[in-house]
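*Asks:* Below: one structure in structure tokens.
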Amino acid sequence: MATPENKLAFDDGWQYSPAPESTDHIKIKKKYDLFIGGEFIAPEKGKYFDTVNPATEETLSRVAMASDVDVDKAVKAARKAFPAWSRMKASERGKYIYRIARILQERSREFAAIETLDGGKPIRESRDVDIPLAAAHFFYYAGWADKLEYAFPGRKVKPIGVAGQIIPWNFPLLMASWKIAPALACGNTVVIKPAETTPLTAMKLAEVIADAGLPPGVVNIITGAGATGAAIVNHPGVDKIAFTGSTGVGRIIQKALAGTNKKYTLELGGKAANIIFADAAIDEAVEGIVNGIFFNQGHVCCAGSRLLVQESVAATVIQKLKDRMETLIIGDPMDKNTDIGAINSKEQLNTIKSYLKIGQEEGGEMFQTSCRVPKQGYWCRPTIFTGVAQSNRVVQEEIFGPVLAIQTFRTFDEAIAKANNTPYGLSGGIWTDKGSKIFKMTQSIRAGVVWANTFNKFDPTSPFGGYKESGVGREGGLHGLDAYLKLENP
Amino acid sequence: MSARLTVAKTYKIYIGGKFPRTESARYYPLEDKKGGVIANICRGSRKDFRNAMVAARGAQPGWAKASAYLRGQILYRIAEMLEGRREQFIGELRVQGVTARAAEKEVDAAIDRLVYFAGWADKYQQVFSSVNPVSSAHFNFSVLEPTGVVAILAPEESSLLGLISNIAPAIVGGNSCVVLASESLPLCAVSFAEVLHASDVPGGVVNILTGFRSELSSHFASHMDVNAVIYCDGGKKMAQAVQEAAADNIKRVIRRTDVNWTDNSSQHPYLVRDTQEVKTTWHPIGV
């Protein structure tokens, strides 16, 4: 048990000096148009919207609001580009994708800074996770372009056509890469819409794609809100929809696609259980809990937003967790010392706040760290709820913020029953020193990704996606190719 | 000499390893070409479907835990039992208006298809799983796991071969299923349940209902405990209704319309994969 004497005190006697990432090396234009047919063009109706830095509430740029007419233009451009792109020698197609990967690596610092400014995530994360992984995805899938026939034994593979892709605001560039890279490698052309609150790195990616010399119309990037996304989903010229976002919107999309022959993949919500057994390495597990729920402010569909801890070590784990949470630095996302950045938008902050209220009303005991938060911007202190029941909304529903619901268990079977008792099935975590328990656990958790003695790890070679209401299909790895191909009898 | 009176069979539904009548006590007559009644078929209800779902959900985890070798042997056993009853199934197809030649061909192909999928039991995992070379110090692998309970709207025309071509790949991968038999040719499905019953398939792994597709398909598609729905045949309107209802709990929707089940190219392990989930596990490498 931690006592006041041995409490973690990372800044005891020393204060961290500010270590801000510079912005003199980045270029953000005052206004971004739509990237359609290889050109930047103004939206038909001339409307633009602000994109805001959530840490300062300052407007970073103005971005085009694509209407139905613009979506139609983009789809037509993609359709027009499809025959040549899909028939191009596959190795050449691959080389274009390699180019994108290389340019992203070259410009990684700029992308990291803009990602952090536009979305609020700590620069350490965009620098070390988002941008390198985005480049790695392009590099990985580039190599598949001329090897597709080896991925699906006994089948002939064909591209689908035009892929309509709608991505969320939590990993803007990374999600764009997850979607664009395999689509292109398989010979499809793309119309993609970044999230309303985080459009900037997608528009910078458009610059990269133009610089890489991709044929016009192969990738079209259009900005807008929900209506723009709906126009993509409902456009008859789109052959496949790839969506990452909430289960609520995923359901609407699945319904909208009923009766069409459009293929679709859905990466939806989650409520992952991070399960700590008494025989786990407790200090490592505590780091895993912190990484599981506070990584990217908890704006992660596969976040370990539920902690299931074995009763015999619960008091120790919770105390150590609280102590560790007190050391987390919340504040300027551009500071390299920052652990927890800004909540992505005012709207999301309100959602999180409403859950904090619900959790307390349901009888949960709320603990928040005592760290100071900036006056300007959108912030939420790291939060845990103890004393919650399986039926509580903070246990069942995705909050998408730095909020952890803690429950205890006695037996293995109880842990599994609780872990699986939500409509979701995206990910799960297990912490134990016993190998056989890990294998039994990974066979018992109904989820697409299981992290054993680790959490929130991603890689282009590793398939990602959910069971149950967490989605349909996989992205990443060999399995991620399937979503962008027609498999036919040879 | 007085002819012996044959004993006519009561065709019932198959739920949880038992052969109840429909709880609704409704029926529809199956008639031959001349309008004579061949049998009264259970007109299954929503309640029957829900009962079957309880049985299917209960049986699924145990079935998934059975070894691949055992599942393969049980599927092979189904083939053995069907072979033994070959003449009965040919007779049933014929009485429903299928020609002798076509009936023989269909039953033989059905038996062979069971053997085909029996063989996949311990192989599809090796074909479709992967070890993923991640950049960090982790061991990372992806395997297939059954999606859970599969609701199957079986083919209308291919009432035995098509039925088996949909049930076999689902169960060989550790799923359980609830099946709606062909409405116009229901006899073989009921008799196939008897074959299953004699083949060491645990009760509840396969549940077979008869009834009206127009009445039951929406329940197959909308039930919140179904993980995947497969629909064969049926018009465009029904397809749309099924897909819409399936979205309520993000079911996997598998369309198998316009498949020629007599063609051997219709059998492949991707039918198994259709009702599988990919699970990826990460573990650090270190001491």
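Ligands are numbered from 1 in the order shown, chains are lettered A, B, ... in the order of the structure tokens, and residues start at 1 in each chain.
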Which neighbours of B:Gly91 fall inside 12 Å, counting only C-alpha atoms, when residues of the same chain fewer than 4 positions from it are skipped, and could you give them as a list in words?
*Replies:* Arg85, Arg86, Glu87, Val95, Gln96, Gly97, Val98, Thr99, Ala100, Arg101, Ala102, Ala103, Glu104, Glu106, Val107, Leu187, Cys188 and Ser191 of chain B
*Asks:* Starting from chain B, keep only residues with some atom at most 9 Å from an atom of chain A, counting only C-alpha atoms, and report them as an MDAnalysis selection string.
*Replies:* chainID B and resid 127:136 140:142 145 147 227 236:252 265:266 268 277:284
*Asks:* Have a look at B:Ala52, B:Ile90, B:Val201, B:Val190 and name the one nearest to B:Tyr11; count only C-alpha atoms.
*Replies:* B:Val190
*Asks:* If you count only C-alpha atoms, which residues fall within 10 Å of A:Thr351, apart from same-chain ones fewer than 5 positions away, as a VMD selection string?
*Replies:* chain A and resid 345 to 346 356 399 to 401
*Asks:* To test your reading of the structure, identify every residue in stretch 5-237 of chain B that backbone DSSP assigns to strand (DSSP E or B), and report it as a CSV table (one decimal) with N, CA and C atoms, in the first residue's frame.
*Replies:*
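Below is the file that was written, selection33.csv:
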chain,number,residue,atom,x,y,z
B,14,TYR,N,-37.4,-29.1,-35.2
B,14,TYR,CA,-36.2,-29.7,-34.4
B,14,TYR,C,-35.6,-28.5,-33.6
B,15,ILE,N,-35.8,-28.6,-32.3
B,15,ILE,CA,-35.3,-27.5,-31.4
B,15,ILE,C,-34.6,-28.1,-30.2
B,18,LYS,N,-34.7,-31.9,-29.7
B,18,LYS,CA,-36.0,-32.5,-29.5
B,18,LYS,C,-36.9,-32.2,-30.7
B,27,TYR,N,-50.4,-25.3,-39.0
B,27,TYR,CA,-49.8,-26.1,-40.0
B,27,TYR,C,-50.1,-25.6,-41.4
B,28,TYR,N,-49.3,-26.1,-42.4
B,28,TYR,CA,-49.7,-25.8,-43.8
B,28,TYR,C,-49.6,-27.2,-44.5
B,29,PRO,N,-50.5,-27.4,-45.4
B,29,PRO,CA,-50.5,-28.7,-46.1
B,29,PRO,C,-49.5,-28.7,-47.2
B,30,LEU,N,-48.7,-29.8,-47.3
B,30,LEU,CA,-47.8,-29.9,-48.5
B,30,LEU,C,-48.6,-30.8,-49.4
B,31,GLU,N,-48.8,-30.3,-50.6
B,31,GLU,CA,-49.6,-31.1,-51.6
B,31,GLU,C,-48.7,-31.6,-52.7
B,37,VAL,N,-52.7,-34.4,-50.3
B,37,VAL,CA,-51.9,-34.0,-49.2
B,37,VAL,C,-50.8,-35.0,-48.9
B,38,ILE,N,-49.6,-34.5,-49.0
B,38,ILE,CA,-48.4,-35.4,-48.7
B,38,ILE,C,-48.2,-35.4,-47.1
B,39,ALA,N,-48.3,-34.3,-46.6
B,39,ALA,CA,-48.1,-34.1,-45.1
B,39,ALA,C,-48.6,-32.8,-44.7
B,40,ASN,N,-48.9,-32.7,-43.4
B,40,ASN,CA,-49.1,-31.4,-42.8
B,40,ASN,C,-47.8,-30.9,-42.1
B,41,ILE,N,-47.4,-29.8,-42.6
B,41,ILE,CA,-46.1,-29.3,-42.1
B,41,ILE,C,-46.3,-28.2,-41.0
B,42,CYS,N,-45.4,-28.3,-40.0
B,42,CYS,CA,-45.6,-27.3,-38.9
B,42,CYS,C,-45.4,-25.9,-39.5
B,130,SER,N,-3.0,-16.1,-39.1
B,130,SER,CA,-1.7,-15.6,-39.4
B,130,SER,C,-0.9,-15.2,-38.2
B,131,VAL,N,0.4,-15.2,-38.3
B,131,VAL,CA,1.3,-14.6,-37.3
B,131,VAL,C,1.7,-13.3,-38.0
B,138,HIS,N,6.6,-7.6,-29.7
B,138,HIS,CA,5.4,-8.4,-29.3
B,138,HIS,C,5.3,-9.6,-30.2
B,139,PHE,N,4.7,-10.6,-29.6
B,139,PHE,CA,4.3,-11.8,-30.5
B,139,PHE,C,2.8,-11.5,-30.7
B,140,ASN,N,2.4,-11.6,-32.0
B,140,ASN,CA,1.1,-11.1,-32.4
B,140,ASN,C,0.5,-12.2,-33.4
B,141,PHE,N,-0.6,-12.7,-33.1
B,141,PHE,CA,-1.2,-13.7,-34.0
B,141,PHE,C,-2.7,-13.5,-34.1
B,142,SER,N,-3.3,-13.9,-35.3
B,142,SER,CA,-4.7,-13.7,-35.6
B,142,SER,C,-5.2,-15.1,-35.9
B,143,VAL,N,-6.3,-15.4,-35.2
B,143,VAL,CA,-7.0,-16.7,-35.5
B,143,VAL,C,-8.5,-16.5,-35.7
B,144,LEU,N,-9.1,-17.5,-36.3
B,144,LEU,CA,-10.6,-17.4,-36.5
B,144,LEU,C,-11.3,-18.0,-35.3
B,145,GLU,N,-12.4,-17.4,-35.0
B,145,GLU,CA,-13.3,-17.9,-34.0
B,145,GLU,C,-14.7,-17.8,-34.5
B,146,PRO,N,-15.6,-18.7,-34.1
B,146,PRO,CA,-17.0,-18.7,-34.6
B,146,PRO,C,-17.6,-17.4,-34.2
B,149,VAL,N,-24.1,-17.5,-33.0
B,149,VAL,CA,-25.3,-18.1,-33.5
B,149,VAL,C,-25.7,-17.5,-34.9
B,150,VAL,N,-25.9,-18.4,-35.8
B,150,VAL,CA,-26.2,-18.0,-37.2
B,150,VAL,C,-27.6,-18.4,-37.6
B,151,ALA,N,-28.3,-17.4,-38.0
B,151,ALA,CA,-29.7,-17.7,-38.5
B,151,ALA,C,-29.7,-17.9,-40.0
B,152,ILE,N,-30.2,-19.0,-40.5
B,152,ILE,CA,-30.1,-19.3,-41.9
B,152,ILE,C,-31.5,-19.4,-42.5
B,153,LEU,N,-31.7,-18.6,-43.6
B,153,LEU,CA,-32.9,-18.8,-44.4
B,153,LEU,C,-32.5,-19.6,-45.6
B,176,SER,N,-23.4,-22.3,-33.8
B,176,SER,CA,-24.7,-23.1,-33.8
B,176,SER,C,-25.6,-22.3,-34.7
B,177,CYS,N,-26.7,-22.9,-35.1
B,177,CYS,CA,-27.6,-22.3,-36.1
B,177,CYS,C,-29.1,-22.6,-35.9
B,178,VAL,N,-29.9,-21.7,-36.4
B,178,VAL,CA,-31.3,-21.9,-36.5
B,178,VAL,C,-31.6,-21.7,-37.9
B,179,VAL,N,-32.3,-22.7,-38.5
B,179,VAL,CA,-32.5,-22.7,-39.9
B,179,VAL,C,-34.0,-22.7,-40.3
B,180,LEU,N,-34.4,-22.0,-41.2
B,180,LEU,CA,-35.7,-22.1,-41.8
B,180,LEU,C,-35.6,-22.9,-43.1
B,206,VAL,N,-27.8,-27.5,-34.1
B,206,VAL,CA,-28.6,-27.2,-35.3
B,206,VAL,C,-30.1,-27.3,-34.9
B,207,ASN,N,-30.8,-26.2,-35.2
B,207,ASN,CA,-32.2,-26.2,-35.0
B,207,ASN,C,-32.9,-25.9,-36.3
B,208,ILE,N,-34.0,-26.7,-36.6
B,208,ILE,CA,-34.6,-26.6,-37.9
B,208,ILE,C,-36.1,-26.3,-37.8
B,209,LEU,N,-36.5,-25.2,-38.4
B,209,LEU,CA,-37.9,-24.9,-38.3
B,209,LEU,C,-38.5,-25.0,-39.7
B,228,ALA,N,-25.2,-13.6,-36.9
B,228,ALA,CA,-25.0,-13.5,-38.3
B,228,ALA,C,-26.3,-14.1,-39.0
B,229,VAL,N,-26.7,-13.5,-40.1
B,229,VAL,CA,-27.9,-14.0,-40.8
B,229,VAL,C,-27.5,-14.3,-42.2
B,230,ILE,N,-27.8,-15.5,-42.7
B,230,ILE,CA,-27.5,-15.9,-44.0
B,230,ILE,C,-28.9,-16.0,-44.8
B,231,TYR,N,-29.0,-15.3,-45.9
B,231,TYR,CA,-30.2,-15.5,-46.6
B,231,TYR,C,-29.9,-16.0,-48.1
*Asks:* Would you please give, as JSON, numbers by chain, all residues of stretch 89-320 of chain A that DSSP assigns to alpha helix (DSSP H) based on the backbone?
*Replies:* {"A": [90, 91, 92, 93, 94, 95, 96, 97, 98, 99, 100, 101, 102, 103, 104, 105, 106, 108, 109, 110, 111, 112, 113, 114, 115, 116, 117, 118, 119, 123, 124, 125, 131, 132, 133, 134, 135, 136, 137, 138, 139, 140, 141, 142, 143, 144, 172, 173, 174, 175, 176, 177, 178, 179, 180, 181, 182, 183, 184, 185, 200, 201, 202, 203, 204, 205, 206, 207, 208, 209, 210, 211, 226, 227, 228, 229, 230, 231, 232, 233, 234, 247, 248, 249, 250, 251, 252, 253, 254, 255, 256, 282, 283, 284, 285, 286, 287, 288, 289, 290, 291, 292, 293, 294, 311, 312, 313, 314, 315, 316, 317, 318, 319, 320]}
*Asks:* Neighbouring residues of B:Ile74 were defined as those with any atom within 12 Å, considering only C-alpha atoms; residues of the same chain fewer than 5 positions away were excluded. Please report them as a list in words.
*Replies:*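 Once the nearby chain positions are removed, what remains is Trp63, Ala66, Ser67, Ala68, Tyr69, Ala79, Glu80, Met81, Leu114, Val115, Phe117, Ala118, Gly119, Ala121, Ala168, Ile171, Val172, Gly174, Val195, Leu196, His197, Ala198, Ser199, Asp200, Val201, Pro202 and Val205 of chain B.
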*Asks:* Would you mind listing what lies within 8 Å of B:Glu183 as a VMD selection string, with only C-alpha atoms counted and same-chain residues fewer than 4 positions away left out?
*Replies:* chain B and resid 156 210 to 213
*Asks:* Applying 8 Å and only C-alpha atoms, which residues near A:Gln105 remain after dropping the ones on its own chain fewer than 5 positions away? List them as number ranges by chain.
*Replies:* A: 131-132, 135
*Asks:* Just how far from atom CA of A:Tyr378 is atom CA of A:Gln407, in Å to one decimal?
*Replies:*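 These two atoms are separated by 28.4 Å.
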*Asks:* Quick one: pull the distance between atom CA of B:Arg94 and atom CA of B:Ala189, Å, one decimal.
*Replies:*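 These atoms are spaced 14.3 Å apart.
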*Asks:* Within 7 Å of A:Ala74, counting only C-alpha atoms, which residues show up once you throw out same-chain ones fewer than 5 positions away? Write them as a list in words, please.
*Replies:*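 Near A:Ala74, the qualifying residues are Ile36, Gly37, Val191 and Asn220 of chain A.
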*Asks:* For the residues in the current selection, export N, CA and C atoms as a short mmCIF file (atom, residue, chain, number, x, y, z; two decimals), in the first residue's frame.
*Replies:*
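Heads up, here's the output in again35.cif:
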data_model
loop_
_atom_site.label_atom_id
_atom_site.label_comp_id
_atom_site.auth_asym_id
_atom_site.auth_seq_id
_atom_site.Cartn_x
_atom_site.Cartn_y
_atom_site.Cartn_z
N ILE A 36 -10.47 17.35 -55.31
CA ILE A 36 -11.28 16.52 -56.22
C ILE A 36 -10.60 16.46 -57.58
N GLY A 37 -10.45 15.27 -58.10
CA GLY A 37 -9.85 15.13 -59.44
C GLY A 37 -8.45 15.70 -59.52
N VAL A 191 -13.06 8.12 -52.28
CA VAL A 191 -13.60 9.41 -51.84
C VAL A 191 -13.63 9.34 -50.32
N ASN A 220 -9.80 11.35 -53.61
CA ASN A 220 -10.51 12.62 -53.49
C ASN A 220 -10.81 12.84 -52.02
#
*Asks:* So, with only C-alpha atoms as the atoms that count, which of A:Asp283, A:Asp24, A:Glu58, A:Asp339 lies closest to A:Gln319?
*Replies:* A:Asp283
*Asks:* Can you measure atom CA of A:Ile123 to atom CA of A:Trp169 for me? One decimal in Å is fine.
*Replies:* 15.6 Å
*Asks:* Rank B:Ala109, B:Ala170, B:Cys232, B:Ala181 by their smallest atom-to-atom distance to B:Thr262, using only C-alpha atoms, and report the top residue only.
*Replies:*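 Nearest candidate to B:Thr262 out of B:Ala109, B:Ala170, B:Cys232, B:Ala181: B:Ala109.
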*Asks:* Quick one: of A:Val395, A:Val403, A:Ala342, A:Ile166, who's nearest to A:Trp379, counting only C-alpha atoms?
*Replies:*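 Among the listed residues, the smallest separation from A:Trp379 belongs to A:Ala342.
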